[in-house]
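Novice: File name entry.pdb; file contents PDB, C-alpha atoms; full text below.
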ATOM      1  CA  MET A   1       5.290  -9.067  41.166  1.00  0.00           C
ATOM      2  CA  PRO A   2       8.004 -11.094  42.959  1.00  0.00           C
ATOM      3  CA  PHE A   3       5.612 -11.668  45.847  1.00  0.00           C
ATOM      4  CA  ILE A   4       3.330 -13.541  43.441  1.00  0.00           C
ATOM      5  CA  ALA A   5       6.017 -16.163  42.787  1.00  0.00           C
ATOM      6  CA  VAL A   6       6.520 -16.616  46.520  1.00  0.00           C
ATOM      7  CA  ALA A   7       2.768 -16.907  47.068  1.00  0.00           C
ATOM      8  CA  LEU A   8       2.482 -19.452  44.240  1.00  0.00           C
ATOM      9  CA  LEU A   9       5.301 -21.500  45.739  1.00  0.00           C
ATOM     10  CA  ALA A  10       3.555 -21.536  49.100  1.00  0.00           C
ATOM     11  CA  LEU A  11       0.119 -22.637  47.900  1.00  0.00           C
ATOM     12  CA  PRO A  12      -0.439 -26.273  48.912  1.00  0.00           C
ATOM     13  CA  VAL A  13      -2.857 -27.005  46.053  1.00  0.00           C
ATOM     14  CA  LYS A  14      -2.504 -28.584  42.642  1.00  0.00           C
ATOM     15  CA  LEU A  15      -4.185 -27.196  39.545  1.00  0.00           C
ATOM     16  CA  ALA A  16      -5.205 -28.911  36.333  1.00  0.00           C
ATOM     17  CA  PRO A  17      -3.376 -27.776  33.195  1.00  0.00           C
ATOM     18  CA  ARG A  18      -6.482 -25.851  32.078  1.00  0.00           C
ATOM     19  CA  SER A  19      -6.560 -23.951  35.380  1.00  0.00           C
ATOM     20  CA  LEU A  20      -2.850 -23.250  35.044  1.00  0.00           C
ATOM     21  CA  GLY A  21      -3.561 -21.840  31.585  1.00  0.00           C
ATOM     22  CA  TRP A  22      -6.207 -19.487  32.951  1.00  0.00           C
ATOM     23  CA  LEU A  23      -3.832 -18.503  35.744  1.00  0.00           C
ATOM     24  CA  ALA A  24      -1.042 -17.824  33.215  1.00  0.00           C
ATOM     25  CA  PHE A  25      -3.408 -15.649  31.169  1.00  0.00           C
ATOM     26  CA  GLY A  26      -4.601 -13.771  34.245  1.00  0.00           C
ATOM     27  CA  LEU A  27      -1.135 -13.130  35.657  1.00  0.00           C
ATOM     28  CA  TRP A  28       0.235 -11.977  32.286  1.00  0.00           C
ATOM     29  CA  LEU A  29      -2.755  -9.649  31.793  1.00  0.00           C
ATOM     30  CA  LEU A  30      -2.572  -8.384  35.388  1.00  0.00           C
ATOM     31  CA  GLY A  31       1.151  -7.679  35.037  1.00  0.00           C
ATOM     32  CA  GLY A  32       0.447  -5.763  31.840  1.00  0.00           C
ATOM     33  CA  ALA A  33      -2.352  -3.757  33.437  1.00  0.00           C
ATOM     34  CA  VAL A  34      -0.225  -2.887  36.474  1.00  0.00           C
ATOM     35  CA  LEU A  35       2.671  -1.734  34.293  1.00  0.00           C
ATOM     36  CA  LEU A  36       0.367   0.264  32.021  1.00  0.00           C
ATOM     37  CA  SER A  37      -1.032   1.978  35.105  1.00  0.00           C
ATOM     38  CA  LEU A  38       2.442   2.668  36.526  1.00  0.00           C
ATOM     39  CA  GLY A  39       3.630   3.967  33.180  1.00  0.00           C
ATOM     40  CA  THR A  40       0.687   6.337  32.919  1.00  0.00           C
ATOM     41  CA  ALA A  41       1.238   7.596  36.463  1.00  0.00           C
ATOM     42  CA  ARG A  42       4.926   8.190  35.761  1.00  0.00           C
ATOM     43  CA  LEU A  43       4.186  10.085  32.558  1.00  0.00           C
ATOM     44  CA  LEU A  44       1.728  12.272  34.447  1.00  0.00           C
ATOM     45  CA  HIS A  45       4.440  12.852  37.038  1.00  0.00           C
ATOM     46  CA  ALA A  46       6.811  13.844  34.215  1.00  0.00           C
ATOM     47  CA  GLU A  47       4.296  16.447  33.090  1.00  0.00           C
ATOM     48  CA  ARG A  48       4.254  17.943  36.581  1.00  0.00           C
ATOM     49  CA  ASP A  49       8.061  18.019  36.369  1.00  0.00           C
ATOM     50  CA  GLY A  50       7.887  20.133  33.217  1.00  0.00           C
ATOM     51  CA  ALA A  51       7.733  17.737  30.264  1.00  0.00           C
ATOM     52  CA  THR A  52       5.535  19.113  27.507  1.00  0.00           C
ATOM     53  CA  PRO A  53       2.238  17.376  26.704  1.00  0.00           C
ATOM     54  CA  ALA A  54       3.383  16.846  23.108  1.00  0.00           C
ATOM     55  CA  LEU A  55       6.527  15.043  24.283  1.00  0.00           C
ATOM     56  CA  ILE A  56       4.556  12.880  26.694  1.00  0.00           C
ATOM     57  CA  VAL A  57       1.964  11.940  24.070  1.00  0.00           C
ATOM     58  CA  GLY A  58       4.699  11.140  21.552  1.00  0.00           C
ATOM     59  CA  ILE A  59       6.564   8.947  24.014  1.00  0.00           C
ATOM     60  CA  ALA A  60       3.342   7.238  25.126  1.00  0.00           C
ATOM     61  CA  VAL A  61       2.269   6.454  21.559  1.00  0.00           C
ATOM     62  CA  ALA A  62       5.735   5.165  20.650  1.00  0.00           C
ATOM     63  CA  ALA A  63       5.993   3.037  23.816  1.00  0.00           C
ATOM     64  CA  LEU A  64       2.538   1.536  23.290  1.00  0.00           C
ATOM     65  CA  ALA A  65       3.274   0.789  19.627  1.00  0.00           C
ATOM     66  CA  VAL A  66       6.649  -0.812  20.395  1.00  0.00           C
ATOM     67  CA  GLY A  67       5.163  -2.770  23.303  1.00  0.00           C
ATOM     68  CA  ALA A  68       2.153  -4.041  21.372  1.00  0.00           C
ATOM     69  CA  THR A  69       4.399  -5.033  18.460  1.00  0.00           C
ATOM     70  CA  LYS A  70       6.768  -6.865  20.809  1.00  0.00           C
ATOM     71  CA  GLY A  71       3.816  -8.579  22.475  1.00  0.00           C
ATOM     72  CA  TRP A  72       2.339  -9.651  19.163  1.00  0.00           C
ATOM     73  CA  PHE A  73       5.499 -10.833  17.434  1.00  0.00           C
ATOM     74  CA  ILE A  74       7.974 -11.797  20.172  1.00  0.00           C
ATOM     75  CA  LEU A  75       6.125 -12.577  23.407  1.00  0.00           C
ATOM     76  CA  ARG A  76       3.511 -14.392  21.328  1.00  0.00           C
ATOM     77  CA  LYS A  77       6.093 -17.137  20.824  1.00  0.00           C
ATOM     78  CA  THR A  78       6.761 -17.239  24.565  1.00  0.00           C
ATOM     79  CA  ALA A  79       3.045 -17.572  25.292  1.00  0.00           C
ATOM     80  CA  ARG A  80       2.700 -20.278  22.613  1.00  0.00           C
ATOM     81  CA  ARG A  81       5.585 -22.289  24.109  1.00  0.00           C
ATOM     82  CA  ASN A  82       3.985 -22.020  27.538  1.00  0.00           C
ATOM     83  CA  ILE A  83       0.599 -23.113  26.177  1.00  0.00           C
ATOM     84  CA  ASP A  84       2.258 -26.109  24.501  1.00  0.00           C
ATOM     85  CA  ARG A  85       4.090 -26.929  27.747  1.00  0.00           C
ATOM     86  CA  LEU A  86       0.845 -26.751  29.736  1.00  0.00           C
ATOM     87  CA  ALA A  87      -1.014 -28.832  27.124  1.00  0.00           C
ATOM     88  CA  ALA A  88       1.616 -31.576  27.484  1.00  0.00           C
ATOM     89  CA  LEU A  89       1.000 -31.884  31.222  1.00  0.00           C
ATOM     90  CA  THR A  90      -0.888 -35.049  32.118  1.00  0.00           C
ATOM     91  CA  GLU A  91      -1.593 -34.314  35.760  1.00  0.00           C
ATOM     92  CA  ALA A  92      -2.319 -31.433  38.096  1.00  0.00           C
ATOM     93  CA  ARG A  93       0.641 -29.361  39.224  1.00  0.00           C
ATOM     94  CA  ARG A  94       1.368 -26.756  41.866  1.00  0.00           C
ATOM     95  CA  PRO A  95       0.623 -23.174  40.787  1.00  0.00           C
ATOM     96  CA  ILE A  96       4.323 -22.289  40.481  1.00  0.00           C
ATOM     97  CA  HIS A  97       4.294 -24.442  37.329  1.00  0.00           C
ATOM     98  CA  VAL A  98       2.120 -21.825  35.637  1.00  0.00           C
ATOM     99  CA  TYR A  99       5.293 -20.763  33.791  1.00  0.00           C
ATOM    100  CA  GLY A 100       8.475 -22.596  32.946  1.00  0.00           C
ATOM    101  CA  ALA A 101      11.910 -21.773  34.336  1.00  0.00           C
ATOM    102  CA  ARG A 102      12.780 -19.570  31.345  1.00  0.00           C
ATOM    103  CA  SER A 103       9.662 -17.440  31.821  1.00  0.00           C
ATOM    104  CA  TRP A 104      10.295 -17.064  35.552  1.00  0.00           C
ATOM    105  CA  THR A 105      13.844 -15.949  34.702  1.00  0.00           C
ATOM    106  CA  VAL A 106      12.550 -13.317  32.268  1.00  0.00           C
ATOM    107  CA  ILE A 107      10.001 -12.125  34.853  1.00  0.00           C
ATOM    108  CA  GLY A 108      12.807 -11.796  37.407  1.00  0.00           C
ATOM    109  CA  LEU A 109      15.008  -9.864  34.974  1.00  0.00           C
ATOM    110  CA  MET A 110      12.178  -7.482  34.075  1.00  0.00           C
ATOM    111  CA  THR A 111      11.453  -6.908  37.755  1.00  0.00           C
ATOM    112  CA  ALA A 112      15.147  -6.246  38.387  1.00  0.00           C
ATOM    113  CA  LEU A 113      15.206  -3.794  35.458  1.00  0.00           C
ATOM    114  CA  SER A 114      12.263  -1.892  36.924  1.00  0.00           C
ATOM    115  CA  ILE A 115      13.852  -1.769  40.375  1.00  0.00           C
ATOM    116  CA  GLY A 116      17.159  -0.700  38.843  1.00  0.00           C
ATOM    117  CA  LEU A 117      15.521   2.139  36.919  1.00  0.00           C
ATOM    118  CA  THR A 118      13.802   3.330  40.077  1.00  0.00           C
ATOM    119  CA  LEU A 119      16.846   3.080  42.337  1.00  0.00           C
ATOM    120  CA  GLY A 120      19.089   4.509  39.634  1.00  0.00           C
ATOM    121  CA  GLY A 121      17.163   7.753  39.640  1.00  0.00           C
ATOM    122  CA  VAL A 122      15.982   7.499  36.035  1.00  0.00           C
ATOM    123  CA  PRO A 123      13.490  10.324  35.408  1.00  0.00           C
ATOM    124  CA  PRO A 124       9.770   9.450  35.468  1.00  0.00           C
ATOM    125  CA  LEU A 125       9.428  10.199  31.751  1.00  0.00           C
ATOM    126  CA  TRP A 126      11.758   7.361  30.781  1.00  0.00           C
ATOM    127  CA  ARG A 127      10.542   4.957  33.474  1.00  0.00           C
ATOM    128  CA  GLY A 128       7.001   5.620  32.285  1.00  0.00           C
ATOM    129  CA  MET A 129       8.030   4.848  28.724  1.00  0.00           C
ATOM    130  CA  VAL A 130       9.585   1.514  29.743  1.00  0.00           C
ATOM    131  CA  ASN A 131       6.570   0.612  31.917  1.00  0.00           C
ATOM    132  CA  LEU A 132       4.131   1.410  29.098  1.00  0.00           C
ATOM    133  CA  ALA A 133       6.092  -0.612  26.555  1.00  0.00           C
ATOM    134  CA  ILE A 134       6.442  -3.685  28.771  1.00  0.00           C
ATOM    135  CA  GLY A 135       2.837  -3.390  29.979  1.00  0.00           C
ATOM    136  CA  ALA A 136       1.527  -3.219  26.415  1.00  0.00           C
ATOM    137  CA  ALA A 137       3.681  -6.210  25.441  1.00  0.00           C
ATOM    138  CA  LEU A 138       2.385  -8.310  28.343  1.00  0.00           C
ATOM    139  CA  ALA A 139      -1.255  -7.321  27.821  1.00  0.00           C
ATOM    140  CA  THR A 140      -1.065  -8.007  24.089  1.00  0.00           C
ATOM    141  CA  SER A 141       0.681 -11.355  24.448  1.00  0.00           C
ATOM    142  CA  SER A 142      -1.701 -12.489  27.203  1.00  0.00           C
ATOM    143  CA  LEU A 143      -4.450 -12.624  24.576  1.00  0.00           C
ATOM    144  CA  ASN A 144      -2.660 -15.591  22.978  1.00  0.00           C
ATOM    145  CA  TYR A 145      -3.860 -17.764  25.850  1.00  0.00           C
ATOM    146  CA  LEU A 146      -7.552 -17.249  25.070  1.00  0.00           C
ATOM    147  CA  PRO A 147      -8.050 -19.260  21.830  1.00  0.00           C
ATOM    148  CA  PRO A 148      -6.509 -22.505  23.166  1.00  0.00           C
ATOM    149  CA  LEU A 149      -8.302 -22.095  26.494  1.00  0.00           C
ATOM    150  CA  ARG A 150     -11.646 -21.520  24.797  1.00  0.00           C
ATOM    151  CA  ALA A 151     -11.028 -24.405  22.390  1.00  0.00           C
ATOM    152  CA  GLY A 152     -10.356 -26.768  25.293  1.00  0.00           C
ATOM    153  CA  LEU A 153      -6.802 -27.617  24.228  1.00  0.00           C
ATOM    154  CA  LEU A 154      -5.660 -27.779  27.851  1.00  0.00           C
ATOM    155  CA  ARG A 155      -6.795 -30.658  30.034  1.00  0.00           C
ATOM    156  CA  SER A 156      -9.383 -30.013  32.691  1.00  0.00           C
ATOM    157  CA  PRO A 157     -10.051 -32.242  35.733  1.00  0.00           C
ATOM    158  CA  THR A 158     -12.752 -34.094  33.791  1.00  0.00           C
ATOM    159  CA  SER A 159     -10.787 -34.719  30.572  1.00  0.00           C
TER     160      SER A 159
END
Take the structure in the file and write it out as structure tokens.
Specialist:
Amino acid sequence: MPFIAVALLALPVKLAPRSLGWLAFGLWLLGGAVLLSLGTARLLHAERDGATPALIVGIAVAALAVGATKGWFILRKTARRNIDRLAALTEARRPIHVYGARSWTVIGLMTALSIGLTLGGVPPLWRGMVNLAIGAALATSSLNYLPPLRAGLLRSPTS
């Protein structure tokens, strides 16, 4: 995901707040989907390494439940703050402004955590658990962008 930030910095276009909202939703959902996919792949790898199916299912269910709960109750507030920040914008901005500095910091820390787990040799079972939990949290919290976007609370080029 770090390459996305670099790409967003390099884009020489400006987007209306409404477009930034759709971009924020899409990136959050995409990040969640990618991590859910990676988590699933790592849990399947753990099974090939000898983890029992019952253990894998238990860890998957727990990770998804924790992640969805975190997405609904904690990251929901983050999404809401970002929606409010985007709604307050009065003019088009570069795509890097899709998230505020705090969100970019959290994204960087989560990316560093993932890299650290991989480089640290953490077994696939536990990396899969972390990926599933974070992926579920991102996917769940991304849904908070839809009601304000559908209601037209963010400015479009014509408003």
Novice: Excluding Leu113 of chain A and its own-chain neighbours fewer than 5 positions away, which residues fall within 12 Å of it when counting all atoms listed in the file? Please give them as a PyMOL selection string.
Specialist: chain A and resi 106-108+118-120+122+127+130-131+134
Novice: Please list as a list in words every residue within 6 Å of segment 67-84 of chain A, counting all atoms listed in the file and excluding residues in the same chain fewer than 5 positions away.
Specialist: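 That gives Ala133, Ile134, Ala136, Ala137, Thr140 and Ser141 of chain A.
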Novice: Which is closest to Leu132 of chain A among A:Gly21, A:Pro147, A:Pro53, A:Gly39, if we use only C-alpha atoms?
Specialist: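 The shortest atom-to-atom distance to Leu132 of chain A comes from A:Gly39.
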Novice: Please compute the atom CA of Leu154 of chain A-atom CA of Leu109 of chain A distance, one decimal, in Å.
Specialist: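 Here the two named atoms are 28.3 Å from each other.
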Novice: If you apply the PyMOL selection byres ((chain A and resi 30) around 12) to this file, what residues do you get, as a PDB file with C-alpha atoms, in the frame of the given file?
Specialist:
ATOM      1  CA  MET A   1       5.290  -9.067  41.166  1.00  0.00           C
ATOM      2  CA  ILE A   4       3.330 -13.541  43.441  1.00  0.00           C
ATOM      3  CA  TRP A  22      -6.207 -19.487  32.951  1.00  0.00           C
ATOM      4  CA  LEU A  23      -3.832 -18.503  35.744  1.00  0.00           C
ATOM      5  CA  ALA A  24      -1.042 -17.824  33.215  1.00  0.00           C
ATOM      6  CA  PHE A  25      -3.408 -15.649  31.169  1.00  0.00           C
ATOM      7  CA  GLY A  26      -4.601 -13.771  34.245  1.00  0.00           C
ATOM      8  CA  LEU A  27      -1.135 -13.130  35.657  1.00  0.00           C
ATOM      9  CA  TRP A  28       0.235 -11.977  32.286  1.00  0.00           C
ATOM     10  CA  LEU A  29      -2.755  -9.649  31.793  1.00  0.00           C
ATOM     11  CA  GLY A  31       1.151  -7.679  35.037  1.00  0.00           C
ATOM     12  CA  GLY A  32       0.447  -5.763  31.840  1.00  0.00           C
ATOM     13  CA  ALA A  33      -2.352  -3.757  33.437  1.00  0.00           C
ATOM     14  CA  VAL A  34      -0.225  -2.887  36.474  1.00  0.00           C
ATOM     15  CA  LEU A  35       2.671  -1.734  34.293  1.00  0.00           C
ATOM     16  CA  LEU A  36       0.367   0.264  32.021  1.00  0.00           C
ATOM     17  CA  SER A  37      -1.032   1.978  35.105  1.00  0.00           C
ATOM     18  CA  GLY A 135       2.837  -3.390  29.979  1.00  0.00           C
ATOM     19  CA  ALA A 136       1.527  -3.219  26.415  1.00  0.00           C
ATOM     20  CA  ALA A 137       3.681  -6.210  25.441  1.00  0.00           C
ATOM     21  CA  LEU A 138       2.385  -8.310  28.343  1.00  0.00           C
ATOM     22  CA  ALA A 139      -1.255  -7.321  27.821  1.00  0.00           C
ATOM     23  CA  THR A 140      -1.065  -8.007  24.089  1.00  0.00           C
ATOM     24  CA  SER A 141       0.681 -11.355  24.448  1.00  0.00           C
ATOM     25  CA  SER A 142      -1.701 -12.489  27.203  1.00  0.00           C
ATOM     26  CA  LEU A 143      -4.450 -12.624  24.576  1.00  0.00           C
TER      27      LEU A 143
END
Novice: For the point (4.3, -23.4, 40.0) in the file's frame, write as a list in words all residues with an atom no more than 9 Å away, counting only C-alpha atoms.
Specialist: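 In the file's frame, the residues around the point are Ala5, Leu8, Leu9, Leu11, Lys14, Leu20, Arg93, Arg94, Pro95, Ile96, His97, Val98, Tyr99 and Gly100 of chain A.
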Novice: For each of A:Leu44, A:Leu86, A:Ala54, A:Ala92, take the minimum atom-to-atom distance to Leu15 of chain A, counting only C-alpha atoms, then give the residue where this is smallest.
Specialist: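 For Leu15 of chain A, the nearest of the candidates is A:Ala92.
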Novice: Could you check which of A:Val57, A:Tyr145, A:Leu64, A:Thr111 is closest to Phe3 of chain A, using only C-alpha atoms?
Specialist: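 With only C-alpha atoms as the atom set, the closest residue is A:Thr111.
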Novice: Pick from A:Ser103, A:Val61, A:Ala87, A:Ala10: nearest to Ala151 of chain A, with all atoms listed in the file counted?
Specialist: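 Using all atoms listed in the file, the shortest distance to Ala151 of chain A belongs to A:Ala87.
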